[in-house]
Amino acid sequence: MTNAAGFSYERATGIRFPRPDGWEIAESSGNTIAVAHPPVPSGIFRPNMVLRWAPANRISLARYATAALASTMQTAQQIRIIAHEVWTLNAAPDGPVTGRRQRFVHQIEQHPVCVDRWLWIAGNRVYEATASYTVDQLVGMKLLFEQMIMDLRIDPGDETGNGAAEDQETSLMDTIAPTEPRLDKGATRLAGEDREDLDRLAASQPYQEPALLLPIPALELMDSMTKRNRLGMFQRKGSEFAALRDAGFLAADGSLTPAGTAFVAPLRSPDAAFSVTAGDAHGGAVLQVWTGGGIGRVTAEPSRFSTPSVQVPGPDDLSVQVLQANAVPKAIADWLGFSPAWSIAHEPVVLTKDQYEARMKSAQVSAPEGLGEAARRMWEQPWTDWEIVDERDGGWFGFVNAGSAGQYRLGPAAGTGSVMLEPVSTAVVWDTLVRFIHAAVEGTPLWIPELTGFDQRPEDGTAPEGKVWADYA
């Protein structure tokens, strides 16, 4: 073991793995090193990072990364795959190595857990580093794990492995990913190197509408319970009361049940409130969130990314979810259809308001002259624009989901009255969503180191310039 400021470095064959001071070694075996956050109170998730390696056995990176996603989709609970991107390791002995970075959110017991996974091949080994932390721990943990990956070192060493491990890895690969993945031809051409086709992954995780539907009048009646615990006699005679009773929010005598108490908790002790709107050529929808008392309450119109449902909502029906507060970002990401896509860097596209509105209404609108190939790829995809608004101060972010071309940050082009679309990776969009909600709930300045313009902490404690964008609509 060697030491550096803030870190110790655990050694294995050909590897130096950073361990933050105070963190514990959870496992150290022939092909695995795991470190964990210092012990936490019962009921709190313990952040950790696991590094595993195995003989590469001539496996391609694309095939290995595809198998990792397929295995995760089969085993994880309530999963949403957020990102699958190119990543470069600079610590390999023979120079930089191109790898893949994946991000997903899934449920472990009562915890919505974020996972960042880095995959790469160096020498005769395939490596997988996995960092796990809850959604509300992202602000404190994500950058630390990224620093650990940057500090990891691979030295020349014994990479021969053993026959049993090699056979096991090959057998698993043949089962989960028996062939090389299909390529995204457009992204491959633009990137100048192979890019896996991610469309099937997006199709495999459509939004599942929540089972509970309530009419708006019933929800309005429920909102009247914020300062009382029981409905009056005459309010217990209508269909609204019957709907709330059947939903388990009110007892037969009109009093709040435990579920009903949880439903009104975010209104009784509010921390933050958000509205999310999403629209495409076929219409729009609204999702609203209230958080407070550790609880998140979400009501929504049908998502633009829903699968056909047996349950058809009425014109006044909204879906209803009562969640842990730290589960709210995933609920929004699910509703917005977050999914991996290859984001190709190019100059921002600036459109007049009329051009933008016409394109949102119809994909058949001709692209402006002068668009490069990457921007034209975006233009030809289906568009869904969406925005999240902090109901307290009006702060907002807007994006366009351009299907296979990924997400685009939406905002006004400075001084022109036009609209600007800038390519942003799906992982950064997730970071923006989580940090935006966290800042509103905690009442702290908004700092998004992953996003240009929000990547510097303000010295005076105020929010960075641009948190509240001018309305360009």
# chains A, B, ... in the order shown; residues from 1 in each chain; ligands from 1
$ residues_around --residues "Cys114 (chain A)" --least-positions-apart "6" --cutoff "8 Å" --atoms "only C-alpha atoms" --output "PDB file with N, CA, C and O atoms, in the first residue's frame"
ATOM      1  N   ARG A 103     -24.385   4.422 -17.086  1.00  0.00           N
ATOM      2  CA  ARG A 103     -25.051   4.910 -15.883  1.00  0.00           C
ATOM      3  C   ARG A 103     -26.469   4.385 -15.866  1.00  0.00           C
ATOM      4  O   ARG A 103     -27.173   4.401 -16.889  1.00  0.00           O
ATOM      5  N   PHE A 104     -26.887   3.918 -14.696  1.00  0.00           N
ATOM      6  CA  PHE A 104     -28.269   3.491 -14.534  1.00  0.00           C
ATOM      7  C   PHE A 104     -28.712   3.733 -13.104  1.00  0.00           C
ATOM      8  O   PHE A 104     -27.908   3.956 -12.200  1.00  0.00           O
ATOM      9  N   VAL A 105     -30.034   3.716 -12.909  1.00  0.00           N
ATOM     10  CA  VAL A 105     -30.637   3.882 -11.595  1.00  0.00           C
ATOM     11  C   VAL A 105     -31.545   2.689 -11.367  1.00  0.00           C
ATOM     12  O   VAL A 105     -32.322   2.312 -12.257  1.00  0.00           O
ATOM     13  N   HIS A 106     -31.435   2.080 -10.196  1.00  0.00           N
ATOM     14  CA  HIS A 106     -32.297   0.945  -9.885  1.00  0.00           C
ATOM     15  C   HIS A 106     -32.605   0.932  -8.400  1.00  0.00           C
ATOM     16  O   HIS A 106     -32.071   1.741  -7.629  1.00  0.00           O
ATOM     17  N   SER A 132     -21.456   2.919  -6.663  1.00  0.00           N
ATOM     18  CA  SER A 132     -22.872   2.902  -6.292  1.00  0.00           C
ATOM     19  C   SER A 132     -23.126   3.899  -5.166  1.00  0.00           C
ATOM     20  O   SER A 132     -22.374   3.946  -4.183  1.00  0.00           O
ATOM     21  N   TYR A 133     -24.204   4.663  -5.305  1.00  0.00           N
ATOM     22  CA  TYR A 133     -24.594   5.668  -4.312  1.00  0.00           C
ATOM     23  C   TYR A 133     -26.049   6.013  -4.561  1.00  0.00           C
ATOM     24  O   TYR A 133     -26.564   5.839  -5.673  1.00  0.00           O
ATOM     25  N   THR A 134     -26.767   6.494  -3.559  1.00  0.00           N
ATOM     26  CA  THR A 134     -28.167   6.836  -3.761  1.00  0.00           C
ATOM     27  C   THR A 134     -28.289   8.167  -4.498  1.00  0.00           C
ATOM     28  O   THR A 134     -27.338   8.954  -4.563  1.00  0.00           O
ATOM     29  N   VAL A 135     -29.476   8.418  -5.019  1.00  0.00           N
ATOM     30  CA  VAL A 135     -29.704   9.636  -5.794  1.00  0.00           C
ATOM     31  C   VAL A 135     -29.370  10.874  -4.970  1.00  0.00           C
ATOM     32  O   VAL A 135     -28.734  11.818  -5.457  1.00  0.00           O
ATOM     33  N   LEU A 138     -25.654  11.827  -4.709  1.00  0.00           N
ATOM     34  CA  LEU A 138     -24.913  12.179  -5.925  1.00  0.00           C
ATOM     35  C   LEU A 138     -24.060  13.425  -5.720  1.00  0.00           C
ATOM     36  O   LEU A 138     -22.891  13.469  -6.128  1.00  0.00           O
TER      37      LEU A 138
END
$ residues_around --residues "region 337-353 of chain A" --least-positions-apart "3" --cutoff "7 Å" --atoms "only C-alpha atoms" --output "PyMOL selection string"
chain A and resi 81-85+187+198+202+206-207+305+333-334+356-357+374-375+404-406+413+418-426
$ select_by_dssp --residues "region 237-455 of chain A" --states "alpha helix (DSSP H)" --output "number ranges by chain"
A: 239-246, 258-268, 328-335, 353-361, 373-379, 426-442
$ residues_around --residues "Gly398 (chain A)" --least-positions-apart "5" --cutoff "6 Å" --atoms "only C-alpha atoms" --output "list in words"
Trp386, Glu387 and Leu410 of chain A
$ write_last_selection --atoms "N, CA, C and O atoms" --output "compact mmCIF listing (two decimals), in the first residue's frame"
# COMPACT_ATOMS: atom_id res chain seq x y z
N TRP A 386 -38.85 19.37 -23.55
CA TRP A 386 -39.33 19.31 -22.17
C TRP A 386 -38.59 20.32 -21.33
O TRP A 386 -37.50 20.75 -21.67
N GLU A 387 -39.22 20.73 -20.25
CA GLU A 387 -38.59 21.65 -19.33
C GLU A 387 -39.04 21.35 -17.91
O GLU A 387 -40.13 20.83 -17.68
N LEU A 410 -31.75 23.35 -24.39
CA LEU A 410 -32.61 24.32 -25.06
C LEU A 410 -32.56 25.65 -24.31
O LEU A 410 -32.70 25.68 -23.10
$ closest_residue --among "A:Met360, A:Lys185, A:Ile108, A:Pro266" --to "Arg377 (chain A)" --atoms "only C-alpha atoms"
A:Lys185
$ residues_around --residues "Arg63 (chain A)" --least-positions-apart "4" --cutoff "12 Å" --atoms "only C-alpha atoms" --output "mmCIF file with C-alpha atoms, in the first residue's frame"
data_model
loop_
_atom_site.group_PDB
_atom_site.id
_atom_site.type_symbol
_atom_site.label_atom_id
_atom_site.label_comp_id
_atom_site.auth_asym_id
_atom_site.auth_seq_id
_atom_site.Cartn_x
_atom_site.Cartn_y
_atom_site.Cartn_z
ATOM 1 C CA ALA A 56 -10.143 -10.612 -21.956
ATOM 2 C CA ARG A 58 -10.237 -11.748 -27.269
ATOM 3 C CA ILE A 59 -13.597 -10.247 -26.278
ATOM 4 C CA ALA A 67 -23.376 -7.973 -22.249
ATOM 5 C CA ALA A 68 -22.992 -5.852 -19.116
ATOM 6 C CA LEU A 69 -26.114 -3.868 -19.983
ATOM 7 C CA ALA A 70 -28.079 -6.986 -20.900
ATOM 8 C CA GLY A 99 -13.701 2.369 -22.878
ATOM 9 C CA ARG A 100 -17.382 2.701 -22.121
ATOM 10 C CA LEU A 119 -15.552 -0.733 -18.715
ATOM 11 C CA TRP A 120 -12.276 -1.063 -20.586
ATOM 12 C CA ILE A 121 -9.749 -3.544 -21.929
ATOM 13 C CA VAL A 126 -11.133 -6.686 -19.243
ATOM 14 C CA THR A 170 -16.375 -16.938 -22.079
ATOM 15 C CA LEU A 172 -21.202 -16.083 -19.612
ATOM 16 C CA MET A 173 -20.447 -13.927 -22.644
ATOM 17 C CA ASP A 174 -21.725 -16.569 -25.069
ATOM 18 C CA THR A 175 -24.968 -16.792 -23.108
ATOM 19 C CA ILE A 176 -25.721 -13.083 -22.729
ATOM 20 C CA ALA A 177 -24.134 -11.607 -25.875
ATOM 21 C CA PRO A 178 -23.398 -14.448 -28.290
ATOM 22 C CA THR A 179 -22.541 -12.138 -31.208
ATOM 23 C CA GLU A 180 -21.045 -8.732 -31.800
ATOM 24 C CA PRO A 181 -23.607 -5.934 -31.332
ATOM 25 C CA ARG A 182 -25.146 -4.204 -34.312
ATOM 26 C CA LEU A 183 -23.602 -0.802 -35.033
ATOM 27 C CA ASP A 194 -17.514 1.936 -33.898
ATOM 28 C CA ARG A 195 -20.621 2.944 -31.965
ATOM 29 C CA GLU A 196 -23.124 0.308 -30.880
ATOM 30 C CA ASP A 197 -26.772 0.627 -31.935
#
$ residues_around --residues "region 45-48 of chain A" --least-positions-apart "5" --cutoff "10 Å" --atoms "only C-alpha atoms" --output "PDB file with N, CA, C and O atoms, in the first residue's frame"
ATOM      1  N   TRP A  23     -12.103   5.201   4.357  1.00  0.00           N
ATOM      2  CA  TRP A  23     -12.908   4.165   3.719  1.00  0.00           C
ATOM      3  C   TRP A  23     -12.308   2.797   4.031  1.00  0.00           C
ATOM      4  O   TRP A  23     -11.109   2.666   4.276  1.00  0.00           O
ATOM      5  N   GLU A  24     -13.162   1.782   3.991  1.00  0.00           N
ATOM      6  CA  GLU A  24     -12.747   0.439   4.372  1.00  0.00           C
ATOM      7  C   GLU A  24     -12.640  -0.473   3.155  1.00  0.00           C
ATOM      8  O   GLU A  24     -13.366  -0.299   2.167  1.00  0.00           O
ATOM      9  N   ILE A  25     -11.740  -1.431   3.242  1.00  0.00           N
ATOM     10  CA  ILE A  25     -11.659  -2.464   2.210  1.00  0.00           C
ATOM     11  C   ILE A  25     -12.756  -3.480   2.487  1.00  0.00           C
ATOM     12  O   ILE A  25     -12.749  -4.165   3.510  1.00  0.00           O
ATOM     13  N   ALA A  26     -13.734  -3.561   1.570  1.00  0.00           N
ATOM     14  CA  ALA A  26     -14.835  -4.500   1.739  1.00  0.00           C
ATOM     15  C   ALA A  26     -14.499  -5.864   1.168  1.00  0.00           C
ATOM     16  O   ALA A  26     -15.050  -6.883   1.605  1.00  0.00           O
ATOM     17  N   ALA A  34     -12.826  -4.071  -3.527  1.00  0.00           N
ATOM     18  CA  ALA A  34     -14.007  -3.269  -3.217  1.00  0.00           C
ATOM     19  C   ALA A  34     -13.712  -2.406  -2.000  1.00  0.00           C
ATOM     20  O   ALA A  34     -13.161  -2.888  -1.006  1.00  0.00           O
ATOM     21  N   VAL A  35     -14.059  -1.126  -2.096  1.00  0.00           N
ATOM     22  CA  VAL A  35     -13.907  -0.220  -0.961  1.00  0.00           C
ATOM     23  C   VAL A  35     -15.265   0.403  -0.658  1.00  0.00           C
ATOM     24  O   VAL A  35     -16.087   0.602  -1.559  1.00  0.00           O
ATOM     25  N   ALA A  36     -15.497   0.705   0.628  1.00  0.00           N
ATOM     26  CA  ALA A  36     -16.796   1.217   1.048  1.00  0.00           C
ATOM     27  C   ALA A  36     -16.621   2.420   1.959  1.00  0.00           C
ATOM     28  O   ALA A  36     -15.644   2.535   2.713  1.00  0.00           O
ATOM     29  N   HIS A  37     -17.590   3.310   1.883  1.00  0.00           N
ATOM     30  CA  HIS A  37     -17.669   4.481   2.752  1.00  0.00           C
ATOM     31  C   HIS A  37     -17.589   4.047   4.217  1.00  0.00           C
ATOM     32  O   HIS A  37     -18.002   2.922   4.556  1.00  0.00           O
ATOM     33  N   PRO A  38     -17.066   4.876   5.100  1.00  0.00           N
ATOM     34  CA  PRO A  38     -17.109   4.527   6.522  1.00  0.00           C
ATOM     35  C   PRO A  38     -18.519   4.138   6.948  1.00  0.00           C
ATOM     36  O   PRO A  38     -19.506   4.588   6.346  1.00  0.00           O
ATOM     37  N   PRO A  39     -18.648   3.295   7.976  1.00  0.00           N
ATOM     38  CA  PRO A  39     -19.975   2.802   8.389  1.00  0.00           C
ATOM     39  C   PRO A  39     -20.987   3.928   8.558  1.00  0.00           C
ATOM     40  O   PRO A  39     -20.664   5.016   9.042  1.00  0.00           O
ATOM     41  N   VAL A  40     -22.214   3.650   8.146  1.00  0.00           N
ATOM     42  CA  VAL A  40     -23.302   4.632   8.179  1.00  0.00           C
ATOM     43  C   VAL A  40     -24.418   4.108   9.085  1.00  0.00           C
ATOM     44  O   VAL A  40     -24.490   2.899   9.359  1.00  0.00           O
ATOM     45  N   ILE A 108     -32.603  -0.824  -4.737  1.00  0.00           N
ATOM     46  CA  ILE A 108     -32.031  -1.818  -3.834  1.00  0.00           C
ATOM     47  C   ILE A 108     -32.714  -1.638  -2.486  1.00  0.00           C
ATOM     48  O   ILE A 108     -32.494  -0.633  -1.798  1.00  0.00           O
ATOM     49  N   GLU A 109     -33.585  -2.587  -2.148  1.00  0.00           N
ATOM     50  CA  GLU A 109     -34.421  -2.475  -0.951  1.00  0.00           C
ATOM     51  C   GLU A 109     -35.176  -1.152  -1.016  1.00  0.00           C
ATOM     52  O   GLU A 109     -35.881  -0.902  -1.973  1.00  0.00           O
ATOM     53  N   GLN A 110     -35.003  -0.265  -0.012  1.00  0.00           N
ATOM     54  CA  GLN A 110     -35.748   0.997  -0.041  1.00  0.00           C
ATOM     55  C   GLN A 110     -34.998   2.118  -0.725  1.00  0.00           C
ATOM     56  O   GLN A 110     -35.466   3.261  -0.744  1.00  0.00           O
ATOM     57  N   HIS A 111     -33.854   1.813  -1.327  1.00  0.00           N
ATOM     58  CA  HIS A 111     -32.984   2.860  -1.853  1.00  0.00           C
ATOM     59  C   HIS A 111     -33.004   2.941  -3.378  1.00  0.00           C
ATOM     60  O   HIS A 111     -32.735   1.945  -4.051  1.00  0.00           O
ATOM     61  N   PRO A 112     -33.267   4.123  -3.961  1.00  0.00           N
ATOM     62  CA  PRO A 112     -33.007   4.340  -5.388  1.00  0.00           C
ATOM     63  C   PRO A 112     -31.512   4.616  -5.570  1.00  0.00           C
ATOM     64  O   PRO A 112     -31.001   5.636  -5.107  1.00  0.00           O
ATOM     65  N   VAL A 113     -30.821   3.699  -6.221  1.00  0.00           N
ATOM     66  CA  VAL A 113     -29.360   3.732  -6.261  1.00  0.00           C
ATOM     67  C   VAL A 113     -28.872   4.092  -7.663  1.00  0.00           C
ATOM     68  O   VAL A 113     -29.301   3.499  -8.658  1.00  0.00           O
ATOM     69  N   CYS A 114     -27.969   5.082  -7.739  1.00  0.00           N
ATOM     70  CA  CYS A 114     -27.272   5.421  -8.982  1.00  0.00           C
ATOM     71  C   CYS A 114     -26.049   4.521  -9.106  1.00  0.00           C
ATOM     72  O   CYS A 114     -25.349   4.271  -8.119  1.00  0.00           O
ATOM     73  N   VAL A 115     -25.793   4.074 -10.303  1.00  0.00           N
ATOM     74  CA  VAL A 115     -24.597   3.286 -10.577  1.00  0.00           C
ATOM     75  C   VAL A 115     -23.864   3.898 -11.756  1.00  0.00           C
ATOM     76  O   VAL A 115     -24.447   4.114 -12.827  1.00  0.00           O
ATOM     77  N   THR A 130     -17.290  -0.216 -10.746  1.00  0.00           N
ATOM     78  CA  THR A 130     -18.685   0.118 -10.495  1.00  0.00           C
ATOM     79  C   THR A 130     -18.801   0.937  -9.222  1.00  0.00           C
ATOM     80  O   THR A 130     -18.413   0.471  -8.145  1.00  0.00           O
ATOM     81  N   ALA A 131     -19.332   2.151  -9.341  1.00  0.00           N
ATOM     82  CA  ALA A 131     -19.573   3.022  -8.191  1.00  0.00           C
ATOM     83  C   ALA A 131     -21.065   3.091  -7.921  1.00  0.00           C
ATOM     84  O   ALA A 131     -21.853   3.305  -8.847  1.00  0.00           O
ATOM     85  N   SER A 132     -21.456   2.919  -6.663  1.00  0.00           N
ATOM     86  CA  SER A 132     -22.872   2.902  -6.292  1.00  0.00           C
ATOM     87  C   SER A 132     -23.126   3.899  -5.166  1.00  0.00           C
ATOM     88  O   SER A 132     -22.374   3.946  -4.183  1.00  0.00           O
ATOM     89  N   TYR A 133     -24.204   4.663  -5.305  1.00  0.00           N
ATOM     90  CA  TYR A 133     -24.594   5.668  -4.312  1.00  0.00           C
ATOM     91  C   TYR A 133     -26.049   6.013  -4.561  1.00  0.00           C
ATOM     92  O   TYR A 133     -26.564   5.839  -5.673  1.00  0.00           O
ATOM     93  N   THR A 134     -26.767   6.494  -3.559  1.00  0.00           N
ATOM     94  CA  THR A 134     -28.167   6.836  -3.761  1.00  0.00           C
ATOM     95  C   THR A 134     -28.289   8.167  -4.498  1.00  0.00           C
ATOM     96  O   THR A 134     -27.338   8.954  -4.563  1.00  0.00           O
ATOM     97  N   GLN A 137     -27.270  11.115  -2.652  1.00  0.00           N
ATOM     98  CA  GLN A 137     -25.838  11.176  -2.351  1.00  0.00           C
ATOM     99  C   GLN A 137     -25.004  11.619  -3.554  1.00  0.00           C
ATOM    100  O   GLN A 137     -23.788  11.771  -3.438  1.00  0.00           O
ATOM    101  N   LEU A 138     -25.654  11.827  -4.709  1.00  0.00           N
ATOM    102  CA  LEU A 138     -24.913  12.179  -5.925  1.00  0.00           C
ATOM    103  C   LEU A 138     -24.060  13.425  -5.720  1.00  0.00           C
ATOM    104  O   LEU A 138     -22.891  13.469  -6.128  1.00  0.00           O
ATOM    105  N   MET A 141     -20.994  12.381  -3.694  1.00  0.00           N
ATOM    106  CA  MET A 141     -20.236  11.180  -4.027  1.00  0.00           C
ATOM    107  C   MET A 141     -19.740  11.108  -5.460  1.00  0.00           C
ATOM    108  O   MET A 141     -18.670  10.576  -5.735  1.00  0.00           O
ATOM    109  N   LYS A 142     -20.497  11.623  -6.415  1.00  0.00           N
ATOM    110  CA  LYS A 142     -20.188  11.363  -7.817  1.00  0.00           C
ATOM    111  C   LYS A 142     -18.791  11.844  -8.205  1.00  0.00           C
ATOM    112  O   LYS A 142     -18.018  11.116  -8.840  1.00  0.00           O
ATOM    113  N   PHE A 145     -15.980   9.629  -6.807  1.00  0.00           N
ATOM    114  CA  PHE A 145     -15.766   8.389  -7.557  1.00  0.00           C
ATOM    115  C   PHE A 145     -15.060   8.668  -8.887  1.00  0.00           C
ATOM    116  O   PHE A 145     -14.209   7.885  -9.323  1.00  0.00           O
TER     117      PHE A 145
END
$ closest_residue --among "A:Leu214, A:Ala427, A:Asp136, A:Leu143" --to "Arg101 (chain A)" --atoms "only C-alpha atoms"
A:Ala427
$ closest_residue --among "A:Gly192, A:Pro302, A:Pro93, A:Gly232" --to "Asp316 (chain A)" --atoms "only C-alpha atoms"
A:Pro302
$ closest_residue --among "A:Ala272, A:Asp393, A:Asn401, A:Gly123" --to "Val97 (chain A)" --atoms "only C-alpha atoms"
A:Gly123
$ closest_residue --among "A:Ile154, A:Met233, A:Leu287, A:Leu190" --to "Ile15 (chain A)" --atoms "only C-alpha atoms"
A:Ile154
$ residues_around --residues "Pro382 (chain A)" --least-positions-apart "3" --cutoff "7 Å" --atoms "only C-alpha atoms" --output "ChimeraX atom specification"
/A:363,402-403
$ residues_around --residues "Asn31 (chain A)" --least-positions-apart "2" --cutoff "7 Å" --atoms "only C-alpha atoms" --output "list of chain:residue names"
A:Ser29, A:Arg52, A:Trp53, A:Ala54
$ closest_residue --among "A:Leu213, A:Phe17, A:Asn229, A:Glu128" --to "Tyr64 (chain A)" --atoms "only C-alpha atoms"
A:Glu128
$ select_by_dssp --residues "region 141-290 of chain A" --states "strand (DSSP E or B)" --output "ChimeraX atom specification"
/A:153-154,183,196,207,213-215,230,250,255-256,272-280,283-290
$ write_last_selection --atoms "N, CA, C and O atoms" --output "mmCIF file, in the first residue's frame"
data_model
loop_
_atom_site.group_PDB
_atom_site.id
_atom_site.type_symbol
_atom_site.label_atom_id
_atom_site.label_comp_id
_atom_site.auth_asym_id
_atom_site.auth_seq_id
_atom_site.Cartn_x
_atom_site.Cartn_y
_atom_site.Cartn_z
ATOM 1 N N ARG A 153 -4.405 3.336 -11.362
ATOM 2 C CA ARG A 153 -3.248 3.066 -12.205
ATOM 3 C C ARG A 153 -3.148 1.584 -12.524
ATOM 4 O O ARG A 153 -3.371 0.730 -11.662
ATOM 5 N N ILE A 154 -2.845 1.307 -13.784
ATOM 6 C CA ILE A 154 -2.612 -0.062 -14.222
ATOM 7 C C ILE A 154 -1.150 -0.168 -14.624
ATOM 8 O O ILE A 154 -0.685 0.540 -15.517
ATOM 9 N N LEU A 183 -24.136 -2.156 -35.147
ATOM 10 C CA LEU A 183 -23.602 -0.802 -35.033
ATOM 11 C C LEU A 183 -24.620 0.238 -35.480
ATOM 12 O O LEU A 183 -25.471 -0.029 -36.340
ATOM 13 N N GLU A 196 -22.074 1.317 -30.918
ATOM 14 C CA GLU A 196 -23.124 0.308 -30.880
ATOM 15 C C GLU A 196 -24.498 0.950 -31.128
ATOM 16 O O GLU A 196 -24.733 2.103 -30.787
ATOM 17 N N TYR A 207 -41.995 3.755 -20.785
ATOM 18 C CA TYR A 207 -42.587 4.175 -19.517
ATOM 19 C C TYR A 207 -43.816 3.337 -19.197
ATOM 20 O O TYR A 207 -44.666 3.111 -20.054
ATOM 21 N N LEU A 213 -54.952 5.999 -10.674
ATOM 22 C CA LEU A 213 -55.468 7.174 -11.369
ATOM 23 C C LEU A 213 -56.524 7.830 -10.496
ATOM 24 O O LEU A 213 -57.364 7.147 -9.893
ATOM 25 N N LEU A 214 -56.501 9.160 -10.421
ATOM 26 C CA LEU A 214 -57.521 9.898 -9.685
ATOM 27 C C LEU A 214 -57.972 11.093 -10.511
ATOM 28 O O LEU A 214 -57.146 11.757 -11.154
ATOM 29 N N PRO A 215 -59.278 11.397 -10.490
ATOM 30 C CA PRO A 215 -59.754 12.580 -11.212
ATOM 31 C C PRO A 215 -59.292 13.852 -10.511
ATOM 32 O O PRO A 215 -59.105 13.885 -9.286
ATOM 33 N N ARG A 230 -59.880 15.360 8.631
ATOM 34 C CA ARG A 230 -61.128 14.651 8.342
ATOM 35 C C ARG A 230 -62.042 15.535 7.510
ATOM 36 O O ARG A 230 -62.133 16.749 7.730
ATOM 37 N N LEU A 250 -58.490 7.936 2.244
ATOM 38 C CA LEU A 250 -59.457 8.324 3.265
ATOM 39 C C LEU A 250 -60.190 7.099 3.780
ATOM 40 O O LEU A 250 -60.474 6.166 3.020
ATOM 41 N N SER A 255 -61.701 10.389 7.498
ATOM 42 C CA SER A 255 -60.417 10.739 8.108
ATOM 43 C C SER A 255 -59.261 10.241 7.250
ATOM 44 O O SER A 255 -59.406 9.283 6.475
ATOM 45 N N LEU A 256 -58.131 10.880 7.404
ATOM 46 C CA LEU A 256 -56.943 10.490 6.654
ATOM 47 C C LEU A 256 -56.422 9.134 7.120
ATOM 48 O O LEU A 256 -56.315 8.878 8.325
ATOM 49 N N ALA A 272 -40.066 21.889 -1.701
ATOM 50 C CA ALA A 272 -39.945 22.403 -3.067
ATOM 51 C C ALA A 272 -41.121 21.888 -3.891
ATOM 52 O O ALA A 272 -41.794 20.926 -3.513
ATOM 53 N N ALA A 273 -41.338 22.544 -4.997
ATOM 54 C CA ALA A 273 -42.368 22.111 -5.948
ATOM 55 C C ALA A 273 -41.841 22.364 -7.353
ATOM 56 O O ALA A 273 -41.166 23.370 -7.614
ATOM 57 N N PHE A 274 -42.139 21.443 -8.258
ATOM 58 C CA PHE A 274 -41.667 21.524 -9.635
ATOM 59 C C PHE A 274 -42.797 21.176 -10.585
ATOM 60 O O PHE A 274 -43.684 20.380 -10.269
ATOM 61 N N SER A 275 -42.739 21.766 -11.767
ATOM 62 C CA SER A 275 -43.591 21.319 -12.863
ATOM 63 C C SER A 275 -42.695 20.914 -14.022
ATOM 64 O O SER A 275 -41.671 21.557 -14.287
ATOM 65 N N VAL A 276 -43.064 19.831 -14.673
ATOM 66 C CA VAL A 276 -42.329 19.327 -15.831
ATOM 67 C C VAL A 276 -43.320 19.229 -16.978
ATOM 68 O O VAL A 276 -44.387 18.619 -16.832
ATOM 69 N N THR A 277 -42.991 19.829 -18.093
ATOM 70 C CA THR A 277 -43.841 19.731 -19.275
ATOM 71 C C THR A 277 -43.070 19.063 -20.393
ATOM 72 O O THR A 277 -41.850 19.231 -20.507
ATOM 73 N N ALA A 278 -43.767 18.294 -21.190
ATOM 74 C CA ALA A 278 -43.152 17.615 -22.334
ATOM 75 C C ALA A 278 -44.128 17.665 -23.498
ATOM 76 O O ALA A 278 -45.338 17.478 -23.314
ATOM 77 N N GLY A 279 -43.611 17.936 -24.690
ATOM 78 C CA GLY A 279 -44.474 18.022 -25.850
ATOM 79 C C GLY A 279 -43.779 17.546 -27.109
ATOM 80 O O GLY A 279 -42.554 17.631 -27.238
ATOM 81 N N ASP A 280 -44.571 17.019 -28.039
ATOM 82 C CA ASP A 280 -44.060 16.610 -29.341
ATOM 83 C C ASP A 280 -45.075 16.997 -30.398
ATOM 84 O O ASP A 280 -46.010 17.769 -30.124
ATOM 85 N N GLY A 283 -48.827 16.366 -29.295
ATOM 86 C CA GLY A 283 -49.459 16.927 -28.113
ATOM 87 C C GLY A 283 -48.472 17.101 -26.984
ATOM 88 O O GLY A 283 -47.262 16.958 -27.158
ATOM 89 N N GLY A 284 -49.012 17.416 -25.812
ATOM 90 C CA GLY A 284 -48.161 17.668 -24.665
ATOM 91 C C GLY A 284 -48.731 17.063 -23.402
ATOM 92 O O GLY A 284 -49.842 16.546 -23.371
ATOM 93 N N ALA A 285 -47.942 17.116 -22.326
ATOM 94 C CA ALA A 285 -48.344 16.572 -21.041
ATOM 95 C C ALA A 285 -47.603 17.309 -19.944
ATOM 96 O O ALA A 285 -46.545 17.899 -20.172
ATOM 97 N N VAL A 286 -48.162 17.257 -18.735
ATOM 98 C CA VAL A 286 -47.600 17.945 -17.580
ATOM 99 C C VAL A 286 -47.470 16.964 -16.424
ATOM 100 O O VAL A 286 -48.368 16.145 -16.182
ATOM 101 N N LEU A 287 -46.357 17.054 -15.726
ATOM 102 C CA LEU A 287 -46.117 16.316 -14.485
ATOM 103 C C LEU A 287 -45.824 17.343 -13.407
ATOM 104 O O LEU A 287 -45.078 18.298 -13.633
ATOM 105 N N GLN A 288 -46.407 17.140 -12.223
ATOM 106 C CA GLN A 288 -46.165 18.057 -11.114
ATOM 107 C C GLN A 288 -45.642 17.291 -9.917
ATOM 108 O O GLN A 288 -46.053 16.150 -9.661
ATOM 109 N N VAL A 289 -44.712 17.935 -9.199
ATOM 110 C CA VAL A 289 -44.050 17.309 -8.057
ATOM 111 C C VAL A 289 -44.094 18.259 -6.864
ATOM 112 O O VAL A 289 -43.858 19.464 -7.015
ATOM 113 N N TRP A 290 -44.386 17.687 -5.706
ATOM 114 C CA TRP A 290 -44.234 18.393 -4.441
ATOM 115 C C TRP A 290 -43.377 17.509 -3.539
ATOM 116 O O TRP A 290 -43.589 16.292 -3.479
#
